[in-house]
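First comes the structure, then the notes that go with it.
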Amino acid sequence: MSDTQLTVTLSGGGIDDARAIVRALEGVFGAPDSLPADEQATVRTATFDSSTEPQASTASREAGASLSAPVTVTVQGTPQAVEAASETLSHAFTTRNEGAASGDQERERELLLVP
């Protein structure tokens, strides 16, 4: 077991969209530091911090909430966490991979989630 931290940055859509995306990730990473709460924000973040490896995704598109508008999601963390988050979001929502960057210990991926 290793420490896993995942930072999720969301832009576009509304507060309900941001909360639906964060909730989809909770099944894999556990509860985040807090749910997005600022209705006026244009960029929202959530951080998942766990001492266990990400769990297998159980999210499905049928169970996922629909989005009101496209949302750009950037996930940043360990390679395992970023892969698990990307897989989870692609099962729960319609996604487009918008690019990725890798470092020595960290990875980043940008996804576009569409209604």
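By order of appearance in the structure tokens: chains A, B, ..., then residues from 1 within every chain, and ligands from 1 in the order shown.
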A:Ala20 environment, 9 Å, only C-alpha atoms, sequence neighbours closer than 2 positions dropped, as a PyMOL selection string: chain A and resi 15-18+22-25+64-67
Save out the residues we just selected, N, CA, C and O atoms, as a CSV table (one decimal), in the first residue's frame.
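Output below, filename again-v7.csv:
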chain,number,residue,atom,x,y,z
A,15,ILE,N,-22.3,23.8,-10.5
A,15,ILE,CA,-21.9,23.2,-9.2
A,15,ILE,C,-22.4,21.7,-9.2
A,15,ILE,O,-21.7,20.8,-8.7
A,16,ASP,N,-23.6,21.5,-9.7
A,16,ASP,CA,-24.1,20.1,-9.7
A,16,ASP,C,-23.3,19.2,-10.6
A,16,ASP,O,-23.1,18.0,-10.3
A,17,ASP,N,-22.8,19.7,-11.7
A,17,ASP,CA,-21.9,18.9,-12.6
A,17,ASP,C,-20.6,18.6,-11.8
A,17,ASP,O,-20.1,17.4,-11.8
A,18,ALA,N,-20.0,19.5,-11.1
A,18,ALA,CA,-18.8,19.3,-10.4
A,18,ALA,C,-19.0,18.3,-9.3
A,18,ALA,O,-18.2,17.4,-9.1
A,22,VAL,N,-17.1,14.5,-8.9
A,22,VAL,CA,-16.4,14.2,-7.7
A,22,VAL,C,-17.0,12.9,-7.1
A,22,VAL,O,-16.3,12.0,-6.6
A,23,ARG,N,-18.4,12.8,-7.0
A,23,ARG,CA,-19.0,11.6,-6.5
A,23,ARG,C,-18.7,10.4,-7.3
A,23,ARG,O,-18.6,9.3,-6.7
A,24,ALA,N,-18.5,10.5,-8.6
A,24,ALA,CA,-18.1,9.3,-9.4
A,24,ALA,C,-16.8,8.8,-9.0
A,24,ALA,O,-16.5,7.6,-9.0
A,25,LEU,N,-15.9,9.7,-8.5
A,25,LEU,CA,-14.5,9.3,-8.1
A,25,LEU,C,-14.5,8.8,-6.7
A,25,LEU,O,-13.6,8.1,-6.3
A,64,GLY,N,-24.2,7.1,-13.9
A,64,GLY,CA,-23.7,8.4,-13.8
A,64,GLY,C,-24.7,9.5,-14.0
A,64,GLY,O,-25.6,9.3,-14.8
A,65,ALA,N,-24.6,10.6,-13.4
A,65,ALA,CA,-25.5,11.7,-13.6
A,65,ALA,C,-25.1,12.3,-15.0
A,65,ALA,O,-24.0,12.3,-15.4
A,66,SER,N,-26.1,12.9,-15.6
A,66,SER,CA,-25.8,13.6,-16.8
A,66,SER,C,-25.4,15.0,-16.5
A,66,SER,O,-25.7,15.6,-15.5
A,67,LEU,N,-24.5,15.5,-17.4
A,67,LEU,CA,-24.0,16.9,-17.2
A,67,LEU,C,-24.8,17.9,-17.9
A,67,LEU,O,-25.4,17.6,-18.9
Polymer residues at most 6 Å from stretch 93-100 of chain A, only C-alpha atoms, same-chain spacing of 2 or more positions, as a PyMOL selection string: chain A and resi 61+89-91+108-114
Selection above as a file: C-alpha atoms, as a PDB file, in the first residue's frame:
ATOM      1  CA  ARG A  61     -22.580   5.452 -17.660  1.00  0.00           C
ATOM      2  CA  LEU A  89     -14.648   9.032 -15.505  1.00  0.00           C
ATOM      3  CA  SER A  90     -14.722   7.378 -18.939  1.00  0.00           C
ATOM      4  CA  HIS A  91     -17.092   4.718 -17.578  1.00  0.00           C
ATOM      5  CA  GLU A 108      -1.430  14.686 -15.383  1.00  0.00           C
ATOM      6  CA  ARG A 109      -4.298  14.106 -17.797  1.00  0.00           C
ATOM      7  CA  GLU A 110      -6.932  16.453 -19.171  1.00  0.00           C
ATOM      8  CA  LEU A 111     -10.346  15.107 -20.141  1.00  0.00           C
ATOM      9  CA  LEU A 112     -13.357  16.800 -21.647  1.00  0.00           C
ATOM     10  CA  LEU A 113     -16.620  15.412 -20.253  1.00  0.00           C
ATOM     11  CA  VAL A 114     -19.645  16.143 -22.414  1.00  0.00           C
TER      12      VAL A 114
END
Near-A:Gly13 list (7 Å; only C-alpha atoms; drop same-chain fewer than 3 positions) as a ChimeraX atom specification: /A:17,68-71
Kindly save the residues from that selection, with N, CA and C atoms included, as a short mmCIF file (atom, residue, chain, number, x, y, z; two decimals), in the first residue's frame.
data_model
loop_
_atom_site.label_atom_id
_atom_site.label_comp_id
_atom_site.auth_asym_id
_atom_site.auth_seq_id
_atom_site.Cartn_x
_atom_site.Cartn_y
_atom_site.Cartn_z
N ASP A 17 -22.75 19.70 -11.71
CA ASP A 17 -21.87 18.92 -12.57
C ASP A 17 -20.59 18.56 -11.82
N SER A 68 -24.85 19.12 -17.38
CA SER A 68 -25.62 20.19 -18.01
C SER A 68 -24.83 20.91 -19.10
N ALA A 69 -23.50 20.77 -19.06
CA ALA A 69 -22.62 21.44 -20.01
C ALA A 69 -21.29 20.70 -20.03
N PRO A 70 -20.47 20.92 -21.06
CA PRO A 70 -19.15 20.29 -21.07
C PRO A 70 -18.31 20.76 -19.88
N VAL A 71 -17.51 19.84 -19.33
CA VAL A 71 -16.63 20.15 -18.20
C VAL A 71 -15.23 19.65 -18.54
#
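Residues in contact range of stretch 41-47 of chain A, defined as at most 7 Å between only C-alpha atoms, with sequence neighbours fewer than 6 positions away removed, read Leu6, Thr7, Val8, Thr9, Leu10, Ser11, Gly12, Pro32, Asp33, Ser34 and Leu35 of chain A.
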How about saving the chosen residues, C-alpha atoms kept, as a compact mmCIF listing (two decimals), in the first residue's frame?
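result01.txt, freshly written:
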# COMPACT_ATOMS: atom_id res chain seq x y z
CA LEU A 6 -5.21 12.88 -6.64
CA THR A 7 -6.02 16.50 -7.38
CA VAL A 8 -9.01 17.12 -9.63
CA THR A 9 -9.55 20.53 -11.25
CA LEU A 10 -12.89 21.19 -12.94
CA SER A 11 -13.83 24.06 -15.22
CA GLY A 12 -17.08 24.57 -17.08
CA PRO A 32 -12.44 13.97 -1.02
CA ASP A 33 -11.22 16.76 1.25
CA SER A 34 -14.56 18.48 0.52
CA LEU A 35 -17.22 18.64 -2.17
Secondary structure check, strand (DSSP E) residues of chain A, as a PyMOL selection string: chain A and resi 4-11+43-50+71-77+94-102+107-114
Backbone-only DSSP, alpha helix (DSSP H) members of stretch 22-113 of chain A, as a VMD selection string: chain A and resid 22 to 29 79 to 92
Write a file of the selected residues as a PDB file, in the first residue's frame, keeping C-alpha atoms.
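To be explicit, this is the file written out as out.pdb:
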ATOM      1  CA  VAL A  22     -16.432  14.168  -7.668  1.00  0.00           C
ATOM      2  CA  ARG A  23     -19.040  11.634  -6.486  1.00  0.00           C
ATOM      3  CA  ALA A  24     -18.136   9.336  -9.385  1.00  0.00           C
ATOM      4  CA  LEU A  25     -14.538   9.310  -8.113  1.00  0.00           C
ATOM      5  CA  GLU A  26     -15.504   8.640  -4.469  1.00  0.00           C
ATOM      6  CA  GLY A  27     -16.145   4.966  -5.177  1.00  0.00           C
ATOM      7  CA  VAL A  28     -12.522   4.548  -6.230  1.00  0.00           C
ATOM      8  CA  PHE A  29     -10.685   7.012  -3.963  1.00  0.00           C
ATOM      9  CA  PRO A  79       0.384   7.289 -12.363  1.00  0.00           C
ATOM     10  CA  GLN A  80      -1.913   4.690 -10.771  1.00  0.00           C
ATOM     11  CA  ALA A  81      -4.285   7.344  -9.412  1.00  0.00           C
ATOM     12  CA  VAL A  82      -4.491   9.221 -12.725  1.00  0.00           C
ATOM     13  CA  GLU A  83      -5.178   6.000 -14.644  1.00  0.00           C
ATOM     14  CA  ALA A  84      -7.855   4.924 -12.161  1.00  0.00           C
ATOM     15  CA  ALA A  85      -9.512   8.362 -12.266  1.00  0.00           C
ATOM     16  CA  SER A  86      -9.439   8.486 -16.068  1.00  0.00           C
ATOM     17  CA  GLU A  87     -10.943   5.009 -16.341  1.00  0.00           C
ATOM     18  CA  THR A  88     -13.631   5.806 -13.773  1.00  0.00           C
ATOM     19  CA  LEU A  89     -14.648   9.032 -15.505  1.00  0.00           C
ATOM     20  CA  SER A  90     -14.722   7.378 -18.939  1.00  0.00           C
ATOM     21  CA  HIS A  91     -17.092   4.718 -17.578  1.00  0.00           C
ATOM     22  CA  ALA A  92     -19.382   7.237 -15.864  1.00  0.00           C
TER      23      ALA A  92
END
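Of the residues listed (A:Gln5, A:Thr78, A:Gln40, A:Thr72), A:Thr78 shows the shortest atom-to-atom separation from A:Asp104; distances use only C-alpha atoms.
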d(atom CA of A:Asp38, atom CA of A:Arg107) in Å: 27.1 Å
